[in-house]
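Student: Before I ask anything, here is the structure I am working with.
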Amino acid sequence: MSSKVIKFVAGGGKTTYSKKLMSKTKNGLYLAFTNSVVEEMSSNGFLSKTIDSLFASFIIPKFVDLIPIINSSSNIKYFDKESPNDIAKAASNISFTSNGEIYNKGKKIYEVSLNSTNGELHKLNYFKNSRSIKYIFDIDSTRLTHQQRGQISEFIIHNYPKELSYIMSKRFSFIIFDEAQDLSGYREKFCSLLYSSNVSLRILGDDYQNINNGGVWFEKLSPSKINNLTYRCSDVLCEWIRRELDIDIQGVSRDASVSLITLEKVLNYDDGKRVLLYKSRIKKLADTIDNWHGRTQTIQSAKGNTIDSDIVIIGDSLSKKNMYTAITRTTKSAYYTIKRIN
């Protein structure tokens, strides 16, 4: 199975495609962007993880022998940086670079690095931040915050790309990266690494739903296929998207409408069933949000969902990608107060 990049419009059948592929091929891995999608795919019997959980549960444990400062027999644990434990709080300020340097609040620690052995670390007498570093890389336990886990992940990607590609190709017959437009940082580098290797991939996403500070790597990829038919939205909405947002999307034949309304009259459209969408809770919108009887959601939290009722999108201005993401949530009609789309 060769690697492919497939770009789907919102509601374009990406999940259905993934389920079919996972059903017909053994030893596949589905990598989702959110835990809710992981739960949905897992409930269907498919091996599914987020990239974070894949590194935490599978990749980092595989590489402890190649990270000298980690005692290979230690248990890897993850802790919250908001822990009430004073040592843990101090340890949460420690960070690592991809070449193994260790910092505390931006100041480099010269006594040790990730390439120092665990034995060397614990033979050292006191040095500044030694208590925090020895807490993280204890003899019996390796304790990492989620941010530090990401930094260790990037260290592995940077220093052991061949080894990482090898273990992934040996363990999984293919890997699906979903919502690839949302990938950034080490997650994007991980996908890019595997894409340039012999690991079989399906990289799925929608350029125009990049509203989670994703990188630009996916947008620059030339797709093997583009699916511009949405099964979710009426072509009435899609015609509006083509005209106002200049995005090529085709919809299904279904009664619907798109209407510009004023913010002052938004509550007149509250029938208890319509869903109110907004980018952020700014002061100007607070009263409307608080007095809305139906469901309210941020555009970001609604992303990935299908809303089987009318939606009302409020605000003065939105980016093109936020407007597209919002209006493509509904199977029905859309009302909006947005005056500027940029």
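Numbering starts fresh at 1 for the residues of each chain in the structure tokens, the chains themselves are lettered A, B, ... in the order given, and ligands are numbered from 1 as they appear.
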If we count only C-alpha atoms, what is near Tyr335 in chain A at a cut-off of 7 Å, once residues fewer than 6 positions away on the same chain are taken out, given as a list of chain:residue names?

Tutor: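 Returned residues: A:Val258, A:Ser259, A:Leu260, A:Ile261, A:Ile311, A:Val312, A:Ile313.
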
Student: Taking only range 73-143 of chain A into account, list the residues labelled alpha helix (DSSP H) by DSSP (computed from the backbone), as a list in words.

Tutor: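 Answer for range 73-143 of chain A restricted to alpha helix (DSSP H) is Asp86, Ile87, Ala88, Lys89, Ala90, Ala91, Asn118, Gly119, Glu120, Leu121, His122, Lys123, Ser130, Arg131, Ser132, Ile133, Lys134, Tyr135 and Ile136 of chain A.
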
Student: Using only C-alpha atoms, which residues sit within 7 Å of range 55-68 of chain A once same-chain residues fewer than 6 positions away are excluded, as a list in words?

Tutor: Leu114, Asn115, Ser116, Thr117, Asn118 and Ser153 of chain A

Student: Under the rule that only C-alpha atoms are counted, which of A:Asn212, A:Tyr135, A:Gln250, A:Tyr166 is the nearest residue to Asp86 in chain A?

Tutor: A:Tyr135

Student: Can you pull out the residues contacting Ser253 in chain A? Cut-off 10 Å, using only C-alpha atoms, and skip same-chain residues under 6 positions away; I want them as a ChimeraX atom specification.

Tutor: /A:231,233-236

Student: Using the selection just defined, write its residues with all heavy atoms as a compact mmCIF listing (two decimals), in the first residue's frame.

Tutor:
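Result went into again-v5.txt, see below:
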```txt
# COMPACT_ATOMS: atom_id res chain seq x y z
N TYR A 231 -21.48 15.45 1.98
CA TYR A 231 -22.74 14.75 2.19
C TYR A 231 -23.54 15.39 3.32
O TYR A 231 -24.65 14.96 3.62
CB TYR A 231 -22.48 13.28 2.52
CG TYR A 231 -21.72 12.56 1.43
CD1 TYR A 231 -20.33 12.42 1.51
CD2 TYR A 231 -22.37 12.06 0.31
CE1 TYR A 231 -19.61 11.77 0.51
CE2 TYR A 231 -21.67 11.42 -0.70
CZ TYR A 231 -20.29 11.29 -0.60
OH TYR A 231 -19.59 10.66 -1.61
N CYS A 233 -23.90 19.10 3.82
CA CYS A 233 -24.50 20.42 3.59
C CYS A 233 -25.30 20.47 2.30
O CYS A 233 -24.97 19.83 1.30
CB CYS A 233 -23.41 21.48 3.52
SG CYS A 233 -22.38 21.56 4.99
N SER A 234 -26.34 21.27 2.36
CA SER A 234 -27.13 21.55 1.16
C SER A 234 -26.29 22.31 0.15
O SER A 234 -25.41 23.09 0.50
CB SER A 234 -28.35 22.38 1.55
OG SER A 234 -28.93 22.98 0.41
N ASP A 235 -26.59 22.10 -1.13
CA ASP A 235 -25.85 22.85 -2.15
C ASP A 235 -26.20 24.33 -2.10
O ASP A 235 -25.48 25.15 -2.66
CB ASP A 235 -26.11 22.29 -3.55
CG ASP A 235 -25.02 22.72 -4.53
OD1 ASP A 235 -23.84 22.53 -4.20
OD2 ASP A 235 -25.36 23.28 -5.59
N VAL A 236 -27.29 24.68 -1.43
CA VAL A 236 -27.60 26.10 -1.23
C VAL A 236 -26.49 26.74 -0.38
O VAL A 236 -25.98 27.82 -0.71
CB VAL A 236 -28.97 26.27 -0.55
CG1 VAL A 236 -29.22 27.74 -0.23
CG2 VAL A 236 -30.08 25.71 -1.42
```

Student: With only C-alpha atoms counted and 12 Å as the cut-off, give the residues of range 192-282 of chain A in contact with range 287-304 of chain A, each with its shortest interatomic distance in Å and the pair that gives it, as a tab-separated table.

Tutor:
```
residue	atom	partner	partner_atom	distance
A:Gly205	CA	A:Gly304	CA	11.2
A:Asp206	CA	A:Gly304	CA	11.1
A:Tyr208	CA	A:Lys303	CA	11.7
A:Gln209	CA	A:Lys303	CA	8.2
A:Asn210	CA	A:Gln300	CA	10.1
A:Ile211	CA	A:Gln300	CA	7.2
A:Asn212	CA	A:Gln300	CA	7.5
A:Asn213	CA	A:Gln300	CA	11.0
A:Arg232	CA	A:Gly304	CA	11.5
A:Thr262	CA	A:Thr288	CA	11.9
A:Leu263	CA	A:Thr288	CA	8.5
A:Glu264	CA	A:Thr288	CA	8.8
A:Lys265	CA	A:Thr288	CA	9.7
A:Val266	CA	A:Thr288	CA	7.5
A:Leu267	CA	A:Trp292	CA	6.7
A:Asn268	CA	A:Trp292	CA	9.9
A:Tyr269	CA	A:Trp292	CA	9.5
A:Asp270	CA	A:Trp292	CA	6.5
A:Asp271	CA	A:Gly294	CA	7.2
A:Gly272	CA	A:Gly294	CA	4.2
A:Lys273	CA	A:Gly294	CA	5.4
A:Arg274	CA	A:Gly294	CA	6.0
A:Val275	CA	A:Arg295	CA	5.0
A:Leu276	CA	A:Thr296	CA	4.6
A:Leu277	CA	A:Gln297	CA	5.1
A:Tyr278	CA	A:Thr298	CA	4.9
A:Lys279	CA	A:Thr298	CA	5.3
A:Ser280	CA	A:Thr298	CA	6.4
A:Arg281	CA	A:Ile289	CA	8.0
A:Ile282	CA	A:Asp287	CA	9.8
```

Student: Please dump the current selection as a tab-separated table (two decimals), in the first residue's frame; keep N, CA, C and O atoms.

Tutor:
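Just written: result17.tsv:
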```tsv
chain	number	residue	atom	x	y	z
A	205	GLY	N	-7.24	15.33	5.35
A	205	GLY	CA	-7.52	16.62	5.97
A	205	GLY	C	-8.20	17.59	5.02
A	205	GLY	O	-8.55	17.24	3.89
A	206	ASP	N	-8.40	18.79	5.51
A	206	ASP	CA	-9.09	19.85	4.78
A	206	ASP	C	-8.33	21.15	5.04
A	206	ASP	O	-8.34	21.66	6.16
A	208	TYR	N	-8.95	24.10	4.55
A	208	TYR	CA	-9.74	25.25	5.00
A	208	TYR	C	-10.28	25.11	6.42
A	208	TYR	O	-10.93	26.02	6.93
A	209	GLN	N	-10.01	23.95	7.06
A	209	GLN	CA	-10.40	23.80	8.46
A	209	GLN	C	-9.20	23.90	9.41
A	209	GLN	O	-9.26	23.45	10.55
A	210	ASN	N	-8.15	24.51	8.94
A	210	ASN	CA	-6.97	24.72	9.78
A	210	ASN	C	-7.21	25.91	10.70
A	210	ASN	O	-6.78	27.03	10.43
A	211	ILE	N	-7.94	25.67	11.81
A	211	ILE	CA	-8.24	26.75	12.77
A	211	ILE	C	-7.65	26.44	14.14
A	211	ILE	O	-7.95	27.14	15.11
A	212	ASN	N	-6.82	25.40	14.24
A	212	ASN	CA	-6.21	25.02	15.51
A	212	ASN	C	-4.71	25.29	15.52
A	212	ASN	O	-3.94	24.56	16.14
A	213	ASN	N	-4.29	26.34	14.80
A	213	ASN	CA	-2.88	26.72	14.73
A	213	ASN	C	-2.01	25.61	14.14
A	213	ASN	O	-0.86	25.40	14.56
A	232	ARG	N	-22.97	16.40	3.93
A	232	ARG	CA	-23.58	17.06	5.08
A	232	ARG	C	-24.43	18.26	4.68
A	232	ARG	O	-25.54	18.45	5.17
A	262	THR	N	-28.93	40.80	11.73
A	262	THR	CA	-28.20	41.73	12.60
A	262	THR	C	-28.02	41.13	13.98
A	262	THR	O	-28.85	40.33	14.44
A	263	LEU	N	-26.94	41.52	14.65
A	263	LEU	CA	-26.66	41.00	15.97
A	263	LEU	C	-27.76	41.37	16.96
A	263	LEU	O	-28.11	40.59	17.85
A	264	GLU	N	-28.34	42.55	16.77
A	264	GLU	CA	-29.39	43.01	17.67
A	264	GLU	C	-30.64	42.13	17.63
A	264	GLU	O	-31.39	42.05	18.61
A	265	LYS	N	-30.85	41.46	16.51
A	265	LYS	CA	-32.07	40.64	16.36
A	265	LYS	C	-31.80	39.14	16.46
A	265	LYS	O	-32.70	38.33	16.19
A	266	VAL	N	-30.58	38.77	16.86
A	266	VAL	CA	-30.23	37.35	16.92
A	266	VAL	C	-31.18	36.56	17.79
A	266	VAL	O	-31.62	35.45	17.43
A	267	LEU	N	-31.54	37.07	18.95
A	267	LEU	CA	-32.38	36.32	19.88
A	267	LEU	C	-33.77	36.04	19.31
A	267	LEU	O	-34.45	35.13	19.79
A	268	ASN	N	-34.17	36.78	18.28
A	268	ASN	CA	-35.44	36.49	17.61
A	268	ASN	C	-35.41	35.16	16.87
A	268	ASN	O	-36.45	34.60	16.53
A	269	TYR	N	-34.19	34.67	16.62
A	269	TYR	CA	-34.03	33.42	15.87
A	269	TYR	C	-33.81	32.23	16.82
A	269	TYR	O	-33.55	31.11	16.36
A	270	ASP	N	-33.92	32.48	18.09
A	270	ASP	CA	-33.73	31.42	19.09
A	270	ASP	C	-35.05	30.67	19.30
A	270	ASP	O	-35.95	31.14	19.98
A	271	ASP	N	-35.15	29.49	18.69
A	271	ASP	CA	-36.36	28.68	18.85
A	271	ASP	C	-36.13	27.51	19.79
A	271	ASP	O	-36.96	26.60	19.91
A	272	GLY	N	-34.98	27.51	20.47
A	272	GLY	CA	-34.64	26.42	21.39
A	272	GLY	C	-33.95	25.26	20.72
A	272	GLY	O	-33.38	24.40	21.39
A	273	LYS	N	-33.99	25.20	19.38
A	273	LYS	CA	-33.38	24.10	18.64
A	273	LYS	C	-32.14	24.54	17.87
A	273	LYS	O	-31.21	23.76	17.68
A	274	ARG	N	-32.15	25.79	17.44
A	274	ARG	CA	-31.00	26.29	16.67
A	274	ARG	C	-29.76	26.38	17.57
A	274	ARG	O	-29.86	26.65	18.76
A	275	VAL	N	-28.60	26.16	16.95
A	275	VAL	CA	-27.33	26.16	17.68
A	275	VAL	C	-26.59	27.46	17.39
A	275	VAL	O	-26.44	27.85	16.24
A	276	LEU	N	-26.13	28.11	18.44
A	276	LEU	CA	-25.40	29.37	18.33
A	276	LEU	C	-23.90	29.08	18.30
A	276	LEU	O	-23.37	28.42	19.20
A	277	LEU	N	-23.22	29.58	17.27
A	277	LEU	CA	-21.78	29.38	17.13
A	277	LEU	C	-21.05	30.72	17.19
A	277	LEU	O	-21.52	31.71	16.60
A	278	TYR	N	-19.91	30.73	17.84
A	278	TYR	CA	-19.12	31.96	17.94
A	278	TYR	C	-17.65	31.58	18.10
A	278	TYR	O	-17.31	30.49	18.57
A	279	LYS	N	-16.77	32.50	17.70
A	279	LYS	CA	-15.33	32.21	17.79
A	279	LYS	C	-14.84	32.30	19.22
A	279	LYS	O	-14.14	31.42	19.71
A	280	SER	N	-15.16	33.40	19.89
A	280	SER	CA	-14.74	33.57	21.29
A	280	SER	C	-15.75	34.44	22.02
A	280	SER	O	-16.47	35.23	21.40
A	281	ARG	N	-15.76	34.29	23.31
A	281	ARG	CA	-16.75	34.99	24.13
A	281	ARG	C	-16.25	36.41	24.44
A	281	ARG	O	-15.72	36.68	25.51
A	282	ILE	N	-16.40	37.31	23.51
A	282	ILE	CA	-16.03	38.70	23.74
A	282	ILE	C	-17.20	39.43	24.40
A	282	ILE	O	-18.34	38.95	24.38
```

Student: Give the answer as one residue: which of A:Leu194, A:Ala180, A:Leu124, A:Leu144 has the shortest atom-to-atom distance to Gly214 in chain A, using only C-alpha atoms?

Tutor: A:Ala180

Student: Using DSSP on the backbone, list every residue of range 11-81 of chain A that comes out as strand (DSSP E or B), and give them as a PyMOL selection string.

Tutor: chain A and resi 28-32+48-50+75-78

Student: Rounded to one decimal, what separation in Å do you get between CA of Ser169 in chain A and CA of Ser200 in chain A?

Tutor: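 For CA of Ser169 in chain A relative to CA of Ser200 in chain A, the distance reads 7.7 Å.
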
Student: Can you list, as a PyMOL selection string, every protein, DNA or RNA residue that comes within 8 Å of Lys14 in chain A when you count only C-alpha atoms, leaving out same-chain residues fewer than 4 positions away?

Tutor: chain A and resi 8+18+204

Student: Could you state the separation of CA of Ser224 in chain A and CA of Leu201 in chain A in Å, given to one decimal place?

Tutor: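 Those two atoms sit 12.0 Å apart.
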
Student: In Å, rounded to a single decimal, give me how far CA of Ser132 in chain A is from CA of Glu111 in chain A.

Tutor: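 CA of Ser132 in chain A lies at a distance of 13.1 Å from CA of Glu111 in chain A.
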
Student: Using only C-alpha atoms for the distances, tell me which of A:Ile109, A:Leu21, A:Ala32, A:Ala334 is nearest to Phe177 in chain A.

Tutor: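 Using only C-alpha atoms, the shortest distance to Phe177 in chain A belongs to A:Ala32.
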
Student: Please determine, counting only C-alpha atoms, which residue among A:Gly251, A:Gly45, A:Gly119, A:Gly215 has the shortest atom-to-atom distance to Gly12 in chain A.

Tutor: A:Gly251

Student: Determine, counting only C-alpha atoms, which protein, DNA and RNA residues have an atom within 12 Å of an atom of Arg149 in chain A; residues of the same chain fewer than 3 positions away are not included. Present the result as a PyMOL selection string.

Tutor: chain A and resi 51-57+59-61+76-81+92+94-98+136+142-146+152-156+186-187

Student: Could you write out the selected residues, including C-alpha atoms, as a tab-separated table (two decimals), in the first residue's frame?

Tutor:
```
chain	number	residue	atom	x	y	z
A	51	ILE	CA	-0.24	11.14	18.32
A	52	ASP	CA	0.38	12.17	21.93
A	53	SER	CA	-0.90	8.87	23.32
A	54	LEU	CA	1.03	6.90	20.67
A	55	PHE	CA	4.30	8.45	21.82
A	56	ALA	CA	3.39	8.12	25.50
A	57	SER	CA	2.33	4.47	25.40
A	59	ILE	CA	7.17	5.06	21.06
A	60	ILE	CA	8.88	6.60	24.11
A	61	PRO	CA	9.02	3.24	25.96
A	76	ILE	CA	7.49	6.22	32.81
A	77	LYS	CA	4.84	8.41	34.45
A	78	TYR	CA	3.16	11.63	33.43
A	79	PHE	CA	2.22	14.40	35.83
A	80	ASP	CA	0.29	17.63	35.73
A	81	LYS	CA	2.39	20.80	35.82
A	92	SER	CA	7.60	21.31	35.33
A	94	ILE	CA	12.45	22.08	32.97
A	95	SER	CA	12.49	21.79	29.19
A	96	PHE	CA	14.49	19.87	26.59
A	97	THR	CA	15.64	20.72	23.07
A	98	SER	CA	15.77	18.39	20.09
A	136	ILE	CA	12.23	13.83	36.45
A	142	THR	CA	10.78	8.85	34.82
A	143	ARG	CA	8.27	11.64	35.43
A	144	LEU	CA	7.28	13.94	32.56
A	145	THR	CA	4.72	16.67	32.07
A	146	HIS	CA	2.74	16.48	28.84
A	152	ILE	CA	11.18	14.04	24.35
A	153	SER	CA	9.12	13.00	21.31
A	154	GLU	CA	10.78	15.71	19.21
A	155	PHE	CA	14.19	14.57	20.49
A	156	ILE	CA	13.43	11.04	19.22
A	186	TYR	CA	6.50	17.50	16.73
A	187	ARG	CA	3.21	15.99	15.49
```

Student: Pick out the closest residue to Ser36 in chain A from this set: A:Ser23, A:Ser333, A:Thr50, A:Ser2. Count only C-alpha atoms.

Tutor: A:Thr50

Student: Here is a test: counting only C-alpha atoms, which residue of A:Ser197, A:Asn104, A:Asn342, A:Ser222 is nearest to Ile6 in chain A?

Tutor: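 Once distances to Ile6 in chain A are computed over only C-alpha atoms, the minimum belongs to A:Ser222.
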
Student: For Thr25 in chain A, work out the shell of residues within 12 Å, counting only C-alpha atoms and skipping chain neighbours fewer than 2 positions away, then give it as a list in words.

Tutor: Met1, Ser18, Lys19, Lys20, Leu21, Met22, Ser23, Asn27, Gly28, Leu29, Tyr30, Phe46, Leu47, Phe172, Ser173, Phe174, Ile175, Ile176 and Ser200 of chain A

Student: Please write the residues from the selection above to a file, keeping all heavy atoms, as a short mmCIF file (atom, residue, chain, number, x, y, z; two decimals), in the first residue's frame.

Tutor:
```cif
data_model
loop_
_atom_site.label_atom_id
_atom_site.label_comp_id
_atom_site.auth_asym_id
_atom_site.auth_seq_id
_atom_site.Cartn_x
_atom_site.Cartn_y
_atom_site.Cartn_z
N MET A 1 0.86 -1.19 0.00
CA MET A 1 0.00 0.00 0.00
C MET A 1 0.89 1.24 0.00
O MET A 1 1.66 1.46 0.93
CB MET A 1 -0.91 0.01 1.23
CG MET A 1 -1.86 1.21 1.27
SD MET A 1 -2.73 1.34 2.85
CE MET A 1 -3.81 -0.08 2.77
N SER A 18 -12.17 6.15 6.25
CA SER A 18 -11.21 5.59 7.21
C SER A 18 -11.70 4.26 7.77
O SER A 18 -10.93 3.31 7.91
CB SER A 18 -10.97 6.58 8.35
OG SER A 18 -10.42 7.79 7.86
N LYS A 19 -12.99 4.20 8.10
CA LYS A 19 -13.54 2.96 8.66
C LYS A 19 -13.47 1.82 7.65
O LYS A 19 -13.16 0.68 8.01
CB LYS A 19 -14.98 3.19 9.12
CG LYS A 19 -15.10 4.03 10.37
CD LYS A 19 -16.55 4.27 10.76
CE LYS A 19 -16.66 5.09 12.04
NZ LYS A 19 -18.08 5.37 12.40
N LYS A 20 -13.75 2.10 6.39
CA LYS A 20 -13.68 1.07 5.36
C LYS A 20 -12.25 0.55 5.20
O LYS A 20 -12.02 -0.66 5.09
CB LYS A 20 -14.19 1.62 4.03
CG LYS A 20 -15.69 1.78 3.95
CD LYS A 20 -16.12 2.30 2.58
CE LYS A 20 -17.64 2.44 2.50
NZ LYS A 20 -18.08 2.99 1.18
N LEU A 21 -11.30 1.47 5.19
CA LEU A 21 -9.90 1.08 5.05
C LEU A 21 -9.43 0.27 6.25
O LEU A 21 -8.74 -0.74 6.09
CB LEU A 21 -9.03 2.33 4.87
CG LEU A 21 -7.55 2.09 4.56
CD1 LEU A 21 -7.38 1.31 3.27
CD2 LEU A 21 -6.80 3.43 4.46
N MET A 22 -9.82 0.69 7.45
CA MET A 22 -9.43 -0.04 8.65
C MET A 22 -10.07 -1.42 8.69
O MET A 22 -9.47 -2.38 9.20
CB MET A 22 -9.83 0.75 9.89
CG MET A 22 -9.06 2.06 10.11
SD MET A 22 -7.32 1.84 10.55
CE MET A 22 -7.47 1.25 12.23
N SER A 23 -11.27 -1.55 8.11
CA SER A 23 -11.99 -2.83 8.13
C SER A 23 -11.36 -3.86 7.22
O SER A 23 -11.35 -5.05 7.53
CB SER A 23 -13.45 -2.61 7.72
OG SER A 23 -14.13 -1.83 8.66
N ASN A 27 -3.88 -4.74 10.97
CA ASN A 27 -2.75 -4.06 11.60
C ASN A 27 -2.61 -2.60 11.21
O ASN A 27 -1.51 -2.05 11.15
CB ASN A 27 -1.42 -4.79 11.30
CG ASN A 27 -1.41 -6.20 11.87
OD1 ASN A 27 -1.92 -6.44 12.96
ND2 ASN A 27 -0.84 -7.12 11.11
N GLY A 28 -3.74 -1.96 10.95
CA GLY A 28 -3.72 -0.53 10.67
C GLY A 28 -3.82 0.27 11.95
O GLY A 28 -4.29 -0.21 12.98
N LEU A 29 -3.39 1.52 11.88
CA LEU A 29 -3.47 2.44 13.02
C LEU A 29 -4.12 3.73 12.55
O LEU A 29 -3.70 4.32 11.55
CB LEU A 29 -2.08 2.73 13.58
CG LEU A 29 -1.97 3.84 14.64
CD1 LEU A 29 -2.72 3.44 15.91
CD2 LEU A 29 -0.52 4.16 14.95
N TYR A 30 -5.13 4.17 13.30
CA TYR A 30 -5.82 5.42 12.99
C TYR A 30 -5.40 6.45 14.02
O TYR A 30 -5.61 6.27 15.22
CB TYR A 30 -7.34 5.19 13.04
CG TYR A 30 -8.17 6.42 12.78
CD1 TYR A 30 -8.58 6.74 11.49
CD2 TYR A 30 -8.55 7.26 13.83
CE1 TYR A 30 -9.36 7.87 11.25
CE2 TYR A 30 -9.33 8.38 13.60
CZ TYR A 30 -9.73 8.68 12.31
OH TYR A 30 -10.49 9.81 12.09
N PHE A 46 -11.49 -0.50 16.06
CA PHE A 46 -10.27 -0.13 15.34
C PHE A 46 -9.22 0.39 16.32
O PHE A 46 -9.55 1.06 17.30
CB PHE A 46 -10.57 0.95 14.29
CG PHE A 46 -11.65 0.57 13.32
CD1 PHE A 46 -12.75 1.40 13.12
CD2 PHE A 46 -11.58 -0.61 12.61
CE1 PHE A 46 -13.75 1.06 12.23
CE2 PHE A 46 -12.58 -0.97 11.72
CZ PHE A 46 -13.68 -0.14 11.53
N LEU A 47 -7.97 0.07 16.04
CA LEU A 47 -6.87 0.59 16.85
C LEU A 47 -6.70 2.07 16.56
O LEU A 47 -6.34 2.46 15.45
CB LEU A 47 -5.57 -0.16 16.55
CG LEU A 47 -4.33 0.30 17.34
CD1 LEU A 47 -4.58 0.20 18.84
CD2 LEU A 47 -3.10 -0.49 16.93
N PHE A 172 2.96 -1.62 12.17
CA PHE A 172 1.69 -1.28 11.52
C PHE A 172 1.78 -1.45 10.00
O PHE A 172 2.77 -1.04 9.39
CB PHE A 172 1.29 0.17 11.84
CG PHE A 172 1.23 0.46 13.32
CD1 PHE A 172 2.21 1.23 13.93
CD2 PHE A 172 0.20 -0.06 14.10
CE1 PHE A 172 2.16 1.49 15.29
CE2 PHE A 172 0.15 0.18 15.47
CZ PHE A 172 1.14 0.96 16.07
N SER A 173 0.75 -2.05 9.44
CA SER A 173 0.74 -2.24 7.98
C SER A 173 0.46 -0.93 7.26
O SER A 173 0.90 -0.71 6.13
CB SER A 173 -0.30 -3.29 7.58
OG SER A 173 -1.61 -2.89 7.99
N PHE A 174 -0.29 -0.04 7.90
CA PHE A 174 -0.52 1.31 7.38
C PHE A 174 -0.98 2.20 8.52
O PHE A 174 -1.44 1.71 9.56
CB PHE A 174 -1.55 1.31 6.24
CG PHE A 174 -2.96 1.02 6.70
CD1 PHE A 174 -3.85 2.04 6.99
CD2 PHE A 174 -3.40 -0.30 6.85
CE1 PHE A 174 -5.13 1.77 7.43
CE2 PHE A 174 -4.68 -0.58 7.30
CZ PHE A 174 -5.56 0.46 7.57
N ILE A 175 -0.87 3.49 8.31
CA ILE A 175 -1.27 4.47 9.33
C ILE A 175 -2.10 5.56 8.68
O ILE A 175 -1.72 6.09 7.62
CB ILE A 175 -0.04 5.10 10.02
CG1 ILE A 175 0.83 4.02 10.66
CG2 ILE A 175 -0.47 6.13 11.07
CD1 ILE A 175 2.18 4.52 11.12
N ILE A 176 -3.23 5.88 9.30
CA ILE A 176 -4.06 7.01 8.85
C ILE A 176 -3.80 8.20 9.78
O ILE A 176 -3.95 8.08 10.99
CB ILE A 176 -5.55 6.65 8.88
CG1 ILE A 176 -5.86 5.52 7.90
CG2 ILE A 176 -6.40 7.88 8.54
CD1 ILE A 176 -7.29 5.01 7.97
N SER A 200 3.55 3.01 4.96
CA SER A 200 2.36 3.28 4.17
C SER A 200 1.41 4.18 4.95
O SER A 200 1.02 3.86 6.07
CB SER A 200 1.64 1.97 3.81
OG SER A 200 2.45 1.19 2.96
#
```
